[in-house]
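Participant: Can you read through this structure? Questions will come right after.
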Amino acid sequence: MKFGKSICVLNVGGTRYAFTREVIRDFPLRRVSRLIACATEKEVLELCDDYDRDRNEFFFDRHAQAFVFIMLYVRSGKLRFVPGVCELSFYTEMLYWGLESAHLDSCCQKRLDDRMSDIGLDTLSEGDIEDEPQSTGESVQEAELTCRARWLEKMRKAFEEPNSSLVAQLLASVSVIFVIVSMIMLCASTLPDWDTAKRTTVEEHRIVEAVCIGWFTAECIVRFLVAKDKWDFLRRPLNIIDVIAITPYYVTMAMARAGMPGAGLGVAGVILRVLRMMRAFWLMKLARHFLGLQTLGLTLRRCYREMVMLMVFVCVAMAIYSALAQLLEHGLDLETQNSDYASIPAAAWWVIISMTTVGYGDVYPVTIGGRVLGGMCVVSGIVLLALPITFIYHSFVQCYHELKLRSARYARNLSAEMLQ
C-alpha cells in the first residue's frame, strides 16, 4: 500500500505523533513498523483501529500515558512502569506494541515477576491480548528484513542467554568445557615437572591452547557482531574481562615472533609471566552460565554504596587503632620497644587482621595497653563489619530471587519450544 504523504501520524489515545516513512519503516515497535508493509487498507486496519487516508493518520485505541513511557524507551532505551498503572496492564500494552518483559529495567522486571507470581500467572504472550492475525501481504523485502532481524535476535540470545534455547545450552556447555580445560592447563603449567612434560608434548600443548583461544575469540567476535548496541557491549564488565583474558595469548605470540619467547629476558620475561597469569580471568566467563556467580555480581553492583561504607568504616578504624598501637607498643617505653610496631603502616597490618578476626599470630602486642587495645580492636571490628552485612544479605536474596524467576521463565519457554 502506497501512502499519499511522506509523513505518517500515529494517534494513540488522542495523542498524535508525526514520523516520516523512513522512521516508521525502522521503528523499534513491531506493530508500527509493520504498517509500511501493508498492501491494502484492510491490512492496515488489522494493525490499527482506524485509518484516515486523507491525513495519513493511524488511530490506536490504547492507553495514551503508557505509550508515552514506551516512546521514552524508543528514545532512551530505558523502559519502566507508569506510576499508578497496574503492572499487568502496562505489560499488556507492551505486548500489543511488540515489546517483551526483557526490555524492562531489572527493578521493573522484579515487580512484574512478583505480580505474576501473586496471581499464579506464569507468563503472558502477544496472543493473550486481543489482536488480529498478522498481515499476509508483506513484501519480499520486508519479509527478508524481518527474518534477518529474527535470526540476529536468536543468535544474540544463543550467546548471551544460556537458558533461552537448546542451542544456547549447547554453546554454554562447550564454553564451560573450554574454560575448564584452559584453567587445568594454566594450573598444570606452574607444576615443577611441567617443563619436562611440555618438551615431550609440545605440539599437543600448542594445539589445545590454540583451540581454546580460537573458541573464545570466535565467541567474543560473534557476540559483538550480533549485539544491538556495540558501544554498550564494549562497556560491559564481562566483555572487558573477555578481552583481557584473550589478549595475552596474542601478545605472547607476537613477542615470540619478535624473538622474545624466553621467561628470563628481564622485563620482557616478567611481562610474559604476568600475561600468562591473566588467563585466570577466564573463570569470570562462568558467570554467564551459573546463577550463583550472576547473583554475586548483581549484588555487588547494587550494593556498591554499602561496600564503600564498609571500606570507610574499616579505613577510619584502622587509622585510629594503628596510630594508638604504634604509640603503646613502640613510642612510650623506649626500653621494651616492639619492633613489629615500628611505624603506623606496620601496625595497620596487625589492625586489619585483628578487625577481621583472622589473627595470623605473626604480629601481636606485648604491653598491657597494647593487649587492651587489641581486645577493643577485635570487638569493634566485629561490630563494624556486621553493620552493612544486613543490607548486603537482603540484596543478595533479592537478586537471587530475581535471577531464579528469570531462569524459570526461560526454562518454561524452552519446554514449550521442545513440545512444539
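By convention here, the chains of the C-alpha cells are called A, B, ... in the order presented, each chain's residues are numbered starting at 1, and ligands are numbered starting at 1 in the order presented.
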Excluding same-chain residues fewer than 3 positions from Leu385 (chain A), what lies within 9 Å of it counting only C-alpha atoms, as a list in words?
Facilitator: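 The contact residues come out as Leu310, Phe313, Val314, Met355, Thr356, Ser380, Gly381, Ile382, Pro388 and Ile389 of chain A.
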Participant: Mind checking which residues fall within 9 Å of Glu306 (chain A), counting only C-alpha atoms, ignoring those fewer than 2 positions away in the same chain, and posting them as a list in words?
Facilitator: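 The neighbour list is Arg302, Cys303, Tyr304, Val308, Met309, Leu310, Met311, Pro388, Ile389, Phe391 and Ile392 of chain A.
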Participant: How about saving the chosen residues, all heavy atoms kept, as a tab-separated table (two decimals), in the first residue's frame?
Facilitator:
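Output saved as selection32.tsv:
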```tsv
chain	number	residue	atom	x	y	z
A	302	ARG	N	24.71	-3.66	42.90
A	302	ARG	CA	23.64	-2.90	43.56
A	302	ARG	C	24.03	-2.41	44.94
A	302	ARG	O	23.44	-1.44	45.44
A	302	ARG	CB	22.39	-3.78	43.67
A	302	ARG	CG	21.74	-4.09	42.34
A	302	ARG	CD	20.44	-4.83	42.53
A	302	ARG	NE	19.80	-5.12	41.25
A	302	ARG	CZ	18.65	-5.78	41.13
A	302	ARG	NH1	18.02	-6.20	42.21
A	302	ARG	NH2	18.13	-5.99	39.94
A	303	CYS	N	25.00	-3.06	45.57
A	303	CYS	CA	25.36	-2.70	46.95
A	303	CYS	C	26.70	-1.97	46.99
A	303	CYS	O	27.40	-2.06	48.00
A	303	CYS	CB	25.43	-3.97	47.81
A	303	CYS	SG	23.87	-4.80	48.04
A	304	TYR	N	27.06	-1.28	45.93
A	304	TYR	CA	28.36	-0.61	45.94
A	304	TYR	C	28.41	0.48	46.99
A	304	TYR	O	29.48	0.75	47.57
A	304	TYR	CB	28.68	-0.05	44.55
A	304	TYR	CG	27.87	1.16	44.15
A	304	TYR	CD1	28.33	2.44	44.38
A	304	TYR	CD2	26.63	1.01	43.53
A	304	TYR	CE1	27.60	3.55	44.01
A	304	TYR	CE2	25.89	2.11	43.15
A	304	TYR	CZ	26.37	3.37	43.39
A	304	TYR	OH	25.62	4.46	43.02
A	308	VAL	N	31.21	0.60	49.83
A	308	VAL	CA	32.04	1.78	50.08
A	308	VAL	C	31.93	2.19	51.55
A	308	VAL	O	32.94	2.55	52.18
A	308	VAL	CB	31.61	2.94	49.15
A	308	VAL	CG1	32.28	4.24	49.56
A	308	VAL	CG2	31.92	2.60	47.71
A	309	MET	N	30.71	2.13	52.10
A	309	MET	CA	30.53	2.47	53.51
A	309	MET	C	31.32	1.52	54.40
A	309	MET	O	31.95	1.94	55.39
A	309	MET	CB	29.04	2.39	53.87
A	309	MET	CG	28.71	2.75	55.31
A	309	MET	SD	26.93	2.88	55.59
A	309	MET	CE	26.40	1.21	55.16
A	310	LEU	N	31.33	0.22	54.06
A	310	LEU	CA	32.11	-0.75	54.82
A	310	LEU	C	33.60	-0.43	54.76
A	310	LEU	O	34.30	-0.48	55.79
A	310	LEU	CB	31.83	-2.15	54.28
A	310	LEU	CG	32.62	-3.30	54.91
A	310	LEU	CD1	32.29	-3.41	56.39
A	310	LEU	CD2	32.30	-4.60	54.20
A	311	MET	N	34.09	-0.08	53.58
A	311	MET	CA	35.50	0.26	53.44
A	311	MET	C	35.86	1.51	54.23
A	311	MET	O	36.94	1.60	54.82
A	311	MET	CB	35.84	0.45	51.96
A	311	MET	CG	35.72	-0.81	51.12
A	311	MET	SD	36.79	-2.13	51.71
A	311	MET	CE	38.40	-1.40	51.48
A	388	PRO	N	26.89	-3.22	57.81
A	388	PRO	CA	26.35	-3.21	56.43
A	388	PRO	C	25.97	-4.60	55.91
A	388	PRO	O	25.35	-4.71	54.84
A	388	PRO	CB	27.50	-2.63	55.59
A	388	PRO	CG	28.58	-2.25	56.55
A	388	PRO	CD	28.34	-3.05	57.77
A	389	ILE	N	26.34	-5.66	56.64
A	389	ILE	CA	26.11	-7.01	56.14
A	389	ILE	C	24.62	-7.28	55.94
A	389	ILE	O	24.21	-7.98	55.00
A	389	ILE	CB	26.74	-8.04	57.08
A	389	ILE	CG1	28.26	-7.92	57.05
A	389	ILE	CG2	26.32	-9.46	56.70
A	389	ILE	CD1	28.86	-8.16	55.69
A	391	PHE	N	22.21	-5.26	54.99
A	391	PHE	CA	21.75	-4.71	53.71
A	391	PHE	C	22.25	-5.57	52.55
A	391	PHE	O	21.50	-5.84	51.60
A	391	PHE	CB	22.25	-3.27	53.55
A	391	PHE	CG	21.77	-2.33	54.61
A	391	PHE	CD1	22.58	-1.99	55.68
A	391	PHE	CD2	20.49	-1.79	54.57
A	391	PHE	CE1	22.15	-1.13	56.66
A	391	PHE	CE2	20.05	-0.92	55.55
A	391	PHE	CZ	20.88	-0.59	56.61
A	392	ILE	N	23.51	-5.98	52.62
A	392	ILE	CA	24.07	-6.79	51.54
A	392	ILE	C	23.38	-8.14	51.46
A	392	ILE	O	23.10	-8.65	50.38
A	392	ILE	CB	25.58	-6.94	51.75
A	392	ILE	CG1	26.27	-5.57	51.72
A	392	ILE	CG2	26.19	-7.87	50.70
A	392	ILE	CD1	27.76	-5.63	52.04
```
Participant: Have a look at CA of Asp61 (chain A) and CA of Gly13 (chain A) and let me know their distance in Å, one decimal.
Facilitator: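 The value is 5.3 Å.
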Participant: Have a look at A:Trp231, A:Phe27, A:Trp349, A:Phe178 and name the one nearest to Trp215 (chain A); count only C-alpha atoms.
Facilitator: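 Checking each candidate against Trp215 (chain A), we get A:Phe178 as the closest.
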Participant: Which is closest to Asp340 (chain A) among A:Tyr364, A:Glu46, A:Asp105, A:Ala158, if we use only C-alpha atoms?
Facilitator: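 For Asp340 (chain A), the nearest of the given residues is A:Tyr364.
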Participant: Which of these, A:Tyr51, A:Phe58, A:Phe233, A:Phe396, has the shortest distance to Val9 (chain A) once you count only C-alpha atoms?
Facilitator: A:Phe58
Participant: Show me, as a PyMOL selection string, the residues that have an atom within 10 Å of Ser6 (chain A) when counting only C-alpha atoms, minus same-chain residues fewer than 4 positions from it.
Facilitator: chain A and resi 2+19-22+56
Participant: Choose the residue, out of A:Gly297, A:Ala102, A:Cys8, A:Ala280, that has the smallest atom-to-atom separation from Ile24 (chain A); count only C-alpha atoms.
Facilitator: A:Cys8
Participant: For CA of Met277 (chain A) and CA of Met253 (chain A), determine how far apart the two atoms are, in Å to one decimal place.
Facilitator: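 We find that CA of Met277 (chain A) and CA of Met253 (chain A) lie 15.1 Å from each other.
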Participant: Which one of A:Thr299, A:Pro248, A:Val12, A:Arg371 sits closest to His394 (chain A) if you count only C-alpha atoms?
Facilitator: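 Among the listed residues, the smallest separation from His394 (chain A) belongs to A:Thr299.
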Participant: Leaving out Ala325 (chain A) and any residue of its chain fewer than 3 positions from it, which residues lie within 7 Å of it when counting only C-alpha atoms, given as a PDB file with C-alpha atoms, in the first residue's frame?
Facilitator:
```
ATOM      1  CA  TYR A 321      43.912   1.830  66.042  1.00  0.00           C
ATOM      2  CA  SER A 322      47.189   1.654  64.112  1.00  0.00           C
ATOM      3  CA  LEU A 328      51.598   1.965  73.002  1.00  0.00           C
ATOM      4  CA  GLU A 329      53.952  -0.695  71.628  1.00  0.00           C
ATOM      5  CA  ALA A 347      50.762  -1.515  62.862  1.00  0.00           C
ATOM      6  CA  GLY A 370      48.530  -2.888  73.624  1.00  0.00           C
TER       7      GLY A 370
END
```
Participant: How many Å separate CA of Gly369 (chain A) from CA of Ala317 (chain A)?
Facilitator: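 One can read the CA of Gly369 (chain A) to CA of Ala317 (chain A) distance as 17.4 Å.
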Participant: Sort by chain and increasing residue number a table of all residues of region 209-291 of chain A within 12 Å of region 75-83 of chain A, each with its closest pair of atoms and their distance in Å to one decimal, counting only C-alpha atoms, and write it as a Markdown table.
Facilitator:
```
| residue | atom | partner | partner_atom | distance |
| --- | --- | --- | --- | --- |
| A:Lys228 | CA | A:Gly77 | CA | 11.0 |
| A:Asp229 | CA | A:Gly77 | CA | 10.2 |
| A:Asp232 | CA | A:Gly77 | CA | 11.2 |
```
Participant: Let me see the file: selected residues, C-alpha atoms, as a JSON list (two decimals), in the first residue's frame.
Facilitator:
```json
[["chain", "number", "residue", "atom", "x", "y", "z"],
["A", 228, "LYS", "CA", 22.20, -4.49, 19.47],
["A", 229, "ASP", "CA", 24.35, -1.68, 20.88],
["A", 232, "ASP", "CA", 27.12, -0.84, 25.33]]
```
Participant: Which residues are near region 64-74 of chain A? Cut-off 12 Å, only C-alpha atoms, ignore same chain within fewer than 6 positions. Put them as an MDAnalysis selection string.
Facilitator: chainID A and resid 10:17 23 26:30 32 80:100 103:105
Participant: Near region 166-176 of chain A, counting only C-alpha atoms, which residues have an atom at most 8 Å away, once you skip same-chain residues fewer than 2 positions from it, shown as a PyMOL selection string?
Facilitator: chain A and resi 157-159+161-164+178-180+215-216+286+289+414
Participant: Restricted to C-alpha atoms, what would the selected residues look like written as a JSON list (two decimals), in the first residue's frame?
Facilitator:
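The resulting file, selection.json, is shown below:
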```json
[["chain", "number", "residue", "atom", "x", "y", "z"],
["A", 157, "LYS", "CA", 20.10, -14.92, 22.76],
["A", 158, "ALA", "CA", 22.04, -18.09, 21.97],
["A", 159, "PHE", "CA", 25.31, -16.47, 23.07],
["A", 161, "GLU", "CA", 21.26, -16.11, 27.45],
["A", 162, "PRO", "CA", 22.35, -19.73, 28.03],
["A", 163, "ASN", "CA", 18.88, -20.90, 29.11],
["A", 164, "SER", "CA", 16.97, -19.42, 26.19],
["A", 178, "PHE", "CA", 36.91, -24.88, 27.18],
["A", 179, "VAL", "CA", 37.18, -22.72, 30.32],
["A", 180, "ILE", "CA", 37.82, -25.79, 32.49],
["A", 215, "TRP", "CA", 36.90, -20.63, 20.56],
["A", 216, "PHE", "CA", 37.00, -17.70, 22.99],
["A", 286, "LEU", "CA", 31.47, -18.84, 34.07],
["A", 289, "HIS", "CA", 26.36, -19.77, 32.88],
["A", 414, "LEU", "CA", 12.37, -23.86, 26.42]]
```
Participant: For Arg288 (chain A), which of A:Ala218, A:Glu402, A:Asp242, A:Ser182 is the closest residue, counting only C-alpha atoms?
Facilitator: A:Asp242
Participant: Identify, with DSSP run on backbone atoms, the residues in region 314-397 of chain A assigned to helix (DSSP H, G or I), and express the list as a PyMOL selection string.
Facilitator: chain A and resi 314-331+339-341+344-355+368-397
